[in-house]
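As provided, protein.cif (mmCIF, C-alpha atoms and all ligand atoms) reads as follows.
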```cif
data_protein
loop_
_atom_site.label_atom_id
_atom_site.label_comp_id
_atom_site.auth_asym_id
_atom_site.auth_seq_id
_atom_site.Cartn_x
_atom_site.Cartn_y
_atom_site.Cartn_z
CA MET W 1 62.72 -155.05 -104.21
CA THR W 2 64.93 -157.10 -106.56
CA PRO W 3 63.73 -156.92 -110.18
CA GLU W 4 62.83 -160.20 -111.83
CA PHE W 5 65.27 -161.24 -114.54
CA PRO W 6 64.42 -163.74 -117.29
CA GLU W 7 66.30 -167.05 -117.13
CA ASP W 8 66.98 -167.05 -120.84
CA ILE W 9 66.55 -164.75 -123.83
CA GLN W 10 65.86 -165.95 -127.36
CA HIS W 11 68.41 -163.57 -128.90
CA ARG W 12 68.18 -162.24 -132.40
CA VAL W 13 71.70 -163.03 -133.69
CA ILE W 14 72.97 -160.54 -136.21
CA SER W 15 75.97 -161.47 -138.29
CA THR W 16 77.96 -158.29 -138.84
CA ASP W 17 78.71 -159.47 -142.40
CA ALA W 18 74.99 -159.43 -143.18
CA ILE W 19 74.36 -155.80 -142.24
CA ASP W 20 75.55 -152.58 -143.82
CA GLU W 21 77.88 -149.94 -142.48
CA ILE W 22 75.08 -147.73 -141.16
CA GLU W 23 73.47 -150.55 -139.24
CA ARG W 24 76.82 -151.60 -137.76
CA TYR W 25 77.41 -148.01 -136.64
CA GLN W 26 73.92 -147.71 -135.15
CA ILE W 27 74.08 -151.01 -133.26
CA LEU W 28 77.60 -150.47 -131.93
CA THR W 29 77.13 -146.87 -130.83
CA SER W 30 73.79 -147.50 -129.16
CA LEU W 31 75.13 -150.48 -127.19
CA VAL W 32 78.50 -149.10 -126.08
CA VAL W 33 76.88 -146.44 -123.91
CA PRO W 34 77.24 -143.97 -122.41
CA ARG W 35 80.49 -143.00 -124.12
CA PRO W 36 82.63 -140.20 -122.78
CA ILE W 37 83.36 -137.46 -125.29
CA GLY W 38 86.92 -136.38 -126.03
CA TRP W 39 86.67 -132.78 -127.20
CA VAL W 40 89.92 -132.47 -129.12
CA SER W 41 91.56 -129.09 -129.58
CA THR W 42 94.46 -128.60 -131.98
CA ARG W 43 96.35 -125.94 -133.87
CA GLY W 44 96.73 -126.12 -137.66
CA GLN W 45 99.98 -125.51 -139.54
CA ASP W 46 98.86 -121.94 -140.30
CA GLY W 47 97.93 -121.36 -136.63
CA THR W 48 94.15 -121.83 -137.07
CA LEU W 49 92.52 -123.22 -133.93
CA ASN W 50 90.40 -126.33 -134.27
CA ILE W 51 88.13 -128.19 -131.87
CA ALA W 52 85.84 -131.19 -132.48
CA PRO W 53 84.13 -133.90 -130.40
CA PHE W 54 85.00 -137.61 -130.65
CA SER W 55 83.02 -140.23 -128.75
CA PHE W 56 85.12 -143.15 -129.95
CA PHE W 57 87.24 -142.05 -127.01
CA ALA W 58 88.63 -144.23 -124.25
CA ALA W 59 91.09 -144.50 -121.39
CA VAL W 60 93.77 -147.01 -122.47
CA SER W 61 96.32 -147.16 -119.65
CA ALA W 62 97.14 -145.27 -116.45
CA SER W 63 100.96 -145.71 -116.51
CA PRO W 64 101.92 -144.56 -119.04
CA MET W 65 98.78 -142.42 -119.03
CA LEU W 66 97.22 -143.09 -122.44
CA VAL W 67 93.91 -142.23 -124.12
CA SER W 68 92.61 -143.30 -127.54
CA LEU W 69 90.50 -141.61 -130.19
CA SER W 70 89.19 -143.08 -133.43
CA ILE W 71 88.99 -140.45 -136.11
CA GLY W 72 87.24 -141.23 -139.37
CA THR W 73 87.74 -139.74 -142.79
CA ARG W 74 85.34 -137.34 -144.52
CA ARG W 75 84.80 -138.08 -148.21
CA GLY W 76 88.16 -139.87 -148.23
CA VAL W 77 90.06 -136.99 -146.60
CA ALA W 78 91.42 -136.99 -143.04
CA LYS W 79 89.42 -134.74 -140.70
CA ASP W 80 91.11 -131.50 -139.65
CA SER W 81 91.78 -132.78 -136.11
CA LEU W 82 93.66 -135.78 -137.51
CA GLN W 83 95.66 -133.66 -139.96
CA ASN W 84 96.62 -131.27 -137.15
CA ILE W 85 97.63 -134.14 -134.84
CA HIS W 86 99.80 -135.54 -137.66
CA GLN W 87 101.44 -132.19 -138.31
CA GLN W 88 101.91 -130.97 -134.73
CA GLY W 89 102.12 -134.27 -132.81
CA VAL W 90 100.20 -132.70 -129.90
CA PHE W 91 96.61 -132.02 -128.85
CA CYS W 92 94.40 -131.39 -125.84
CA VAL W 93 91.37 -133.45 -124.83
CA ASN W 94 88.79 -131.32 -123.04
CA VAL W 95 86.37 -133.30 -120.85
CA VAL W 96 82.82 -132.41 -121.93
CA THR W 97 80.65 -131.35 -119.01
CA GLU W 98 77.07 -130.06 -118.85
CA MET W 99 78.07 -126.40 -119.30
CA HIS W 100 79.63 -127.16 -122.69
CA LEU W 101 77.02 -129.51 -124.16
CA ALA W 102 75.64 -127.03 -126.74
CA ALA W 103 79.09 -125.65 -127.65
CA MET W 104 80.47 -129.17 -128.08
CA ASN W 105 77.64 -130.00 -130.49
CA LYS W 106 78.29 -126.80 -132.44
CA THR W 107 81.94 -127.76 -132.93
CA SER W 108 80.94 -131.00 -134.71
CA ALA W 109 80.05 -128.92 -137.78
CA SER W 110 82.21 -129.54 -140.86
CA LEU W 111 84.04 -126.26 -141.25
CA PRO W 112 86.89 -125.32 -143.58
CA PRO W 113 90.35 -125.89 -142.04
CA ASP W 114 91.10 -122.15 -141.99
CA GLN W 115 88.06 -121.30 -139.84
CA ASP W 116 88.77 -120.76 -136.13
CA GLU W 117 86.35 -123.12 -134.35
CA PHE W 118 86.89 -121.49 -130.94
CA VAL W 119 85.57 -118.24 -132.42
CA PHE W 120 82.79 -120.14 -134.23
CA ALA W 121 81.55 -121.71 -130.95
CA ASP W 122 82.35 -118.62 -128.85
CA LEU W 123 84.76 -120.56 -126.62
CA PRO W 124 87.47 -118.94 -124.49
CA VAL W 125 90.91 -120.23 -125.47
CA ALA W 126 94.24 -120.67 -123.71
CA THR W 127 97.46 -122.51 -124.61
CA ALA W 128 98.51 -125.62 -122.71
CA ASN W 129 101.66 -125.64 -120.57
CA SER W 130 103.36 -128.79 -121.69
CA VAL W 131 102.27 -128.95 -125.34
CA GLU W 132 101.79 -126.30 -128.01
CA ALA W 133 98.04 -126.87 -128.29
CA PRO W 134 94.96 -124.82 -127.40
CA TYR W 135 92.36 -125.81 -124.82
CA VAL W 136 88.98 -124.51 -123.66
CA ALA W 137 89.97 -122.02 -120.96
CA ASN W 138 86.86 -122.62 -118.82
CA CYS W 139 86.86 -126.42 -119.14
CA PRO W 140 87.17 -127.99 -115.66
CA ALA W 141 89.36 -130.90 -116.79
CA VAL W 142 91.79 -131.11 -119.71
CA PHE W 143 94.36 -133.69 -120.80
CA GLU W 144 97.47 -132.26 -122.48
CA CYS W 145 98.62 -134.96 -124.93
CA GLN W 146 101.46 -135.97 -127.17
CA LEU W 147 100.92 -138.38 -130.05
CA PHE W 148 102.13 -141.75 -128.73
CA LYS W 149 101.07 -144.14 -131.48
CA GLU W 150 98.78 -144.25 -134.48
CA VAL W 151 97.00 -147.33 -135.77
CA ASP W 152 95.72 -147.27 -139.35
CA LEU W 153 92.34 -149.05 -139.35
CA GLY W 154 91.47 -148.30 -142.97
CA ARG W 155 88.92 -145.52 -143.13
CA VAL W 156 89.53 -144.79 -139.45
CA ASN W 157 92.73 -143.92 -137.64
CA MET W 158 93.15 -144.74 -134.00
CA ILE W 159 95.23 -142.13 -132.25
CA ILE W 160 96.79 -143.03 -128.93
CA GLY W 161 97.83 -139.98 -126.99
CA GLU W 162 100.13 -139.88 -123.98
CA VAL W 163 98.79 -137.52 -121.36
CA VAL W 164 101.79 -135.45 -120.29
CA ALA W 165 99.80 -133.15 -118.00
CA VAL W 166 96.28 -132.94 -116.62
CA ARG W 167 94.67 -129.56 -115.94
CA LEU W 168 92.04 -129.62 -113.18
CA ASP W 169 89.81 -126.89 -111.80
CA PRO W 170 91.10 -126.65 -108.20
CA SER W 171 87.52 -126.22 -106.97
CA LEU W 172 86.65 -129.75 -108.14
CA PRO W 173 86.38 -131.93 -105.03
CA THR W 174 88.07 -135.31 -104.80
CA ILE W 175 86.83 -138.37 -102.95
CA GLY W 176 88.27 -138.50 -99.43
CA ASP W 177 92.07 -138.44 -99.45
CA SER W 178 92.24 -139.90 -102.95
CA SER W 179 92.77 -138.27 -106.35
CA PHE W 180 89.45 -139.57 -107.70
CA VAL W 181 87.60 -136.50 -108.98
CA ASP W 182 84.03 -136.37 -107.67
CA SER W 183 81.89 -137.35 -110.68
CA GLU W 184 78.79 -135.58 -109.39
CA ALA W 185 80.70 -132.30 -109.10
CA LEU W 186 82.29 -132.78 -112.56
CA ARG W 187 78.89 -133.22 -114.30
CA PRO W 188 80.23 -135.17 -117.30
CA VAL W 189 78.22 -135.67 -120.47
CA GLY W 190 77.94 -139.11 -122.05
CA ARG W 191 76.90 -139.85 -125.60
CA LEU W 192 74.14 -142.37 -126.29
CA TRP W 193 72.88 -142.87 -129.87
CA GLY W 194 73.05 -140.18 -132.58
CA PRO W 195 72.00 -136.87 -131.05
CA ALA W 196 71.13 -138.40 -127.64
CA TYR W 197 73.26 -137.54 -124.61
CA THR W 198 73.02 -138.30 -120.92
CA LEU W 199 74.09 -136.71 -117.68
CA LEU W 200 74.89 -138.80 -114.60
CA GLY W 201 72.08 -140.91 -113.22
CA GLU W 202 72.08 -142.60 -109.84
CA VAL W 203 75.58 -143.34 -108.54
CA LYS W 204 75.91 -146.71 -106.80
CA ILE W 205 78.96 -147.61 -104.74
CA LEU W 206 79.84 -151.29 -104.37
CA LYS W 207 82.64 -152.70 -102.25
CA ARG W 208 84.92 -155.05 -104.23
CA PRO W 209 84.84 -158.65 -103.05
CA GLU W 210 88.02 -159.86 -101.32
C1 LIG E 1 79.20 -136.20 -129.84
C2 LIG E 1 79.94 -136.44 -131.12
C3 LIG E 1 80.88 -137.45 -131.17
C4 LIG E 1 81.61 -137.70 -132.36
N1 LIG E 1 82.51 -138.70 -132.36
C5 LIG E 1 83.26 -138.92 -133.47
C6 LIG E 1 84.26 -139.94 -133.47
O1 LIG E 1 84.49 -140.63 -132.48
N2 LIG E 1 85.00 -140.09 -134.61
C7 LIG E 1 84.80 -139.31 -135.71
O2 LIG E 1 85.52 -139.47 -136.71
N3 LIG E 1 83.88 -138.32 -135.73
C8 LIG E 1 83.11 -138.11 -134.63
N4 LIG E 1 82.18 -137.10 -134.63
C9 LIG E 1 82.08 -136.21 -135.79
C10 LIG E 1 83.16 -135.12 -135.74
O3 LIG E 1 83.05 -134.33 -134.56
C11 LIG E 1 82.98 -134.20 -136.98
O4 LIG E 1 83.25 -134.95 -138.15
C12 LIG E 1 83.84 -132.95 -136.94
O5 LIG E 1 83.42 -132.07 -137.97
C13 LIG E 1 85.33 -133.22 -137.16
O6 LIG E 1 85.96 -131.97 -137.12
P1 LIG E 1 87.38 -131.67 -137.74
O7 LIG E 1 87.30 -131.85 -139.25
O8 LIG E 1 87.58 -130.23 -137.35
O9 LIG E 1 88.35 -132.61 -137.12
C14 LIG E 1 81.39 -136.87 -133.50
C15 LIG E 1 80.40 -135.87 -133.44
C16 LIG E 1 79.67 -135.67 -132.28
C17 LIG E 1 78.62 -134.60 -132.21
#
```
Can you give me the file's structure in the form of structure tokens?
Ligand SMILES: Cc1cc2nc3c(=O)[nH]c(=O)nc-3n(C[C@H](O)[C@H](O)[C@H](O)COP(=O)(O)O)c2cc1C
Amino acid sequence: MTPEFPEDIQHRVISTDAIDEIERYQILTSLVVPRPIGWVSTRGQDGTLNIAPFSFFAAVSASPMLVSLSIGTRRGVAKDSLQNIHQQGVFCVNVVTEMHLAAMNKTSASLPPDQDEFVFADLPVATANSVEAPYVANCPAVFECQLFKEVDLGRVNMIIGEVVAVRLDPSLPTIGDSSFVDSEALRPVGRLWGPAYTLLGEVKILKRPE
């Protein structure tokens, strides 16, 4: 049965100038949903391993293969992930799947830059092939990235990373003869508002019109 849709909605129009920073954040992040989570792993100058989740994360382009992250400041200071990306020019983005939901959340804690966050979250670590950056050894899908471009947005920096290699669990099935990874087998986690996350719901397949 087709649901009934209203013909018109009397929208509440909110001017973004008239609301504060918190409200802007809450409206934006609860409407752009679900957001994939880029779980960014880096190495500090002193060798300390760092990992933190970022849901201002998006696919930008396939060729070149680019992803973006928006990393905010904390009390006016760049977050450790951003400082490490600046210093090393490389990072890995681990795709967050159901098995890592709790560990991902743990790694969002604000920890001192000299604390190993892989140890903190009890995560197995390995070093990427093409970049000198750590990744979560049992993560089914990882992007190995080089800093491609940075855009200063004021209190936020947008990092565009070029994916130079993709690590994939060979047991992950693909769709038919294609390279599309089967989403249901991947079990990705999406972020909704605040502490709310979602797993995949019903998957619908629609043929594109000619
Ligand atoms: C699911 C999730 C998504 C997040 N997304 C972002 C984000 O897109 N940008 C950001 O600056 N912080 C984000 N955070 C907060 C950072 O993970 C947090 O500030 C973290 O401590 C940064 O770690 P670092 O200092 O080691 O880089 C997010 C937190 C969670 C739990």
request  = Collect all residues with atoms no farther than 9 Å from ligand LIG 1 (chain E), counting only C-alpha atoms and all ligand atoms, and output them as a VMD selection string.
outcome  = chain W and resid 35 to 42 50 to 57 69 to 74 78 to 84 104 to 113 117 156 to 157 190 to 192 194 to 197
message = To one decimal place in Å, what is the distance between CA of Val125 (chain W) and CA of Phe143 (chain W)?
response =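 Going from CA of Val125 (chain W) over to CA of Phe143 (chain W), I get 14.7 Å.
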inquiry  = One decimal, in Å: what's the spacing between CA of Pro124 (chain W) and CA of Ala137 (chain W)?
reply    =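 About the pair CA of Pro124 (chain W) and CA of Ala137 (chain W): they are 5.3 Å apart.
Take CA of Phe120 (chain W) and CA of Ala103 (chain W): the distance between them is 9.3 Å.
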ask   = With all atoms listed in the file as the basis for distance, which of W:Ile160, W:Ala18, W:Ser130, W:Gly201 is at the shortest distance from Val189 (chain W)?
value =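 Once distances to Val189 (chain W) are computed over all atoms listed in the file, the minimum belongs to W:Gly201.
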ask   = Could you pull the residues within 8 Å of Pro173 (chain W), counting only C-alpha atoms, minus those fewer than 2 positions along the same chain, as number ranges by chain?
value = W: 170-171, 175, 181-182, 185
Fewer than 2 positions away in the same chain doesn't count, so skip those; otherwise give me all residues within 12 Å of Cys145 (chain W), counting only C-alpha atoms, as a PDB file with C-alpha atoms, keeping the file's coordinate frame.
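Printed below is out.pdb as written:
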```pdb
ATOM      1  CA  GLY W  38      86.920-136.380-126.030  1.00  0.00           C
ATOM      2  CA  VAL W  40      89.920-132.470-129.120  1.00  0.00           C
ATOM      3  CA  SER W  41      91.560-129.090-129.580  1.00  0.00           C
ATOM      4  CA  THR W  42      94.460-128.600-131.980  1.00  0.00           C
ATOM      5  CA  PRO W  64     101.920-144.560-119.040  1.00  0.00           C
ATOM      6  CA  MET W  65      98.780-142.420-119.030  1.00  0.00           C
ATOM      7  CA  LEU W  66      97.220-143.090-122.440  1.00  0.00           C
ATOM      8  CA  VAL W  67      93.910-142.230-124.120  1.00  0.00           C
ATOM      9  CA  SER W  68      92.610-143.300-127.540  1.00  0.00           C
ATOM     10  CA  LEU W  69      90.500-141.610-130.190  1.00  0.00           C
ATOM     11  CA  ILE W  85      97.630-134.140-134.840  1.00  0.00           C
ATOM     12  CA  GLN W  88     101.910-130.970-134.730  1.00  0.00           C
ATOM     13  CA  GLY W  89     102.120-134.270-132.810  1.00  0.00           C
ATOM     14  CA  VAL W  90     100.200-132.700-129.900  1.00  0.00           C
ATOM     15  CA  PHE W  91      96.610-132.020-128.850  1.00  0.00           C
ATOM     16  CA  CYS W  92      94.400-131.390-125.840  1.00  0.00           C
ATOM     17  CA  VAL W  93      91.370-133.450-124.830  1.00  0.00           C
ATOM     18  CA  ASN W  94      88.790-131.320-123.040  1.00  0.00           C
ATOM     19  CA  ALA W 128      98.510-125.620-122.710  1.00  0.00           C
ATOM     20  CA  ASN W 129     101.660-125.640-120.570  1.00  0.00           C
ATOM     21  CA  SER W 130     103.360-128.790-121.690  1.00  0.00           C
ATOM     22  CA  VAL W 131     102.270-128.950-125.340  1.00  0.00           C
ATOM     23  CA  GLU W 132     101.790-126.300-128.010  1.00  0.00           C
ATOM     24  CA  ALA W 133      98.040-126.870-128.290  1.00  0.00           C
ATOM     25  CA  PRO W 134      94.960-124.820-127.400  1.00  0.00           C
ATOM     26  CA  TYR W 135      92.360-125.810-124.820  1.00  0.00           C
ATOM     27  CA  VAL W 142      91.790-131.110-119.710  1.00  0.00           C
ATOM     28  CA  PHE W 143      94.360-133.690-120.800  1.00  0.00           C
ATOM     29  CA  LEU W 147     100.920-138.380-130.050  1.00  0.00           C
ATOM     30  CA  PHE W 148     102.130-141.750-128.730  1.00  0.00           C
ATOM     31  CA  LYS W 149     101.070-144.140-131.480  1.00  0.00           C
ATOM     32  CA  ILE W 159      95.230-142.130-132.250  1.00  0.00           C
ATOM     33  CA  ILE W 160      96.790-143.030-128.930  1.00  0.00           C
ATOM     34  CA  GLY W 161      97.830-139.980-126.990  1.00  0.00           C
ATOM     35  CA  GLU W 162     100.130-139.880-123.980  1.00  0.00           C
ATOM     36  CA  VAL W 163      98.790-137.520-121.360  1.00  0.00           C
ATOM     37  CA  VAL W 164     101.790-135.450-120.290  1.00  0.00           C
ATOM     38  CA  ALA W 165      99.800-133.150-118.000  1.00  0.00           C
ATOM     39  CA  VAL W 166      96.280-132.940-116.620  1.00  0.00           C
ATOM     40  CA  ARG W 167      94.670-129.560-115.940  1.00  0.00           C
TER      41      ARG W 167
END
```
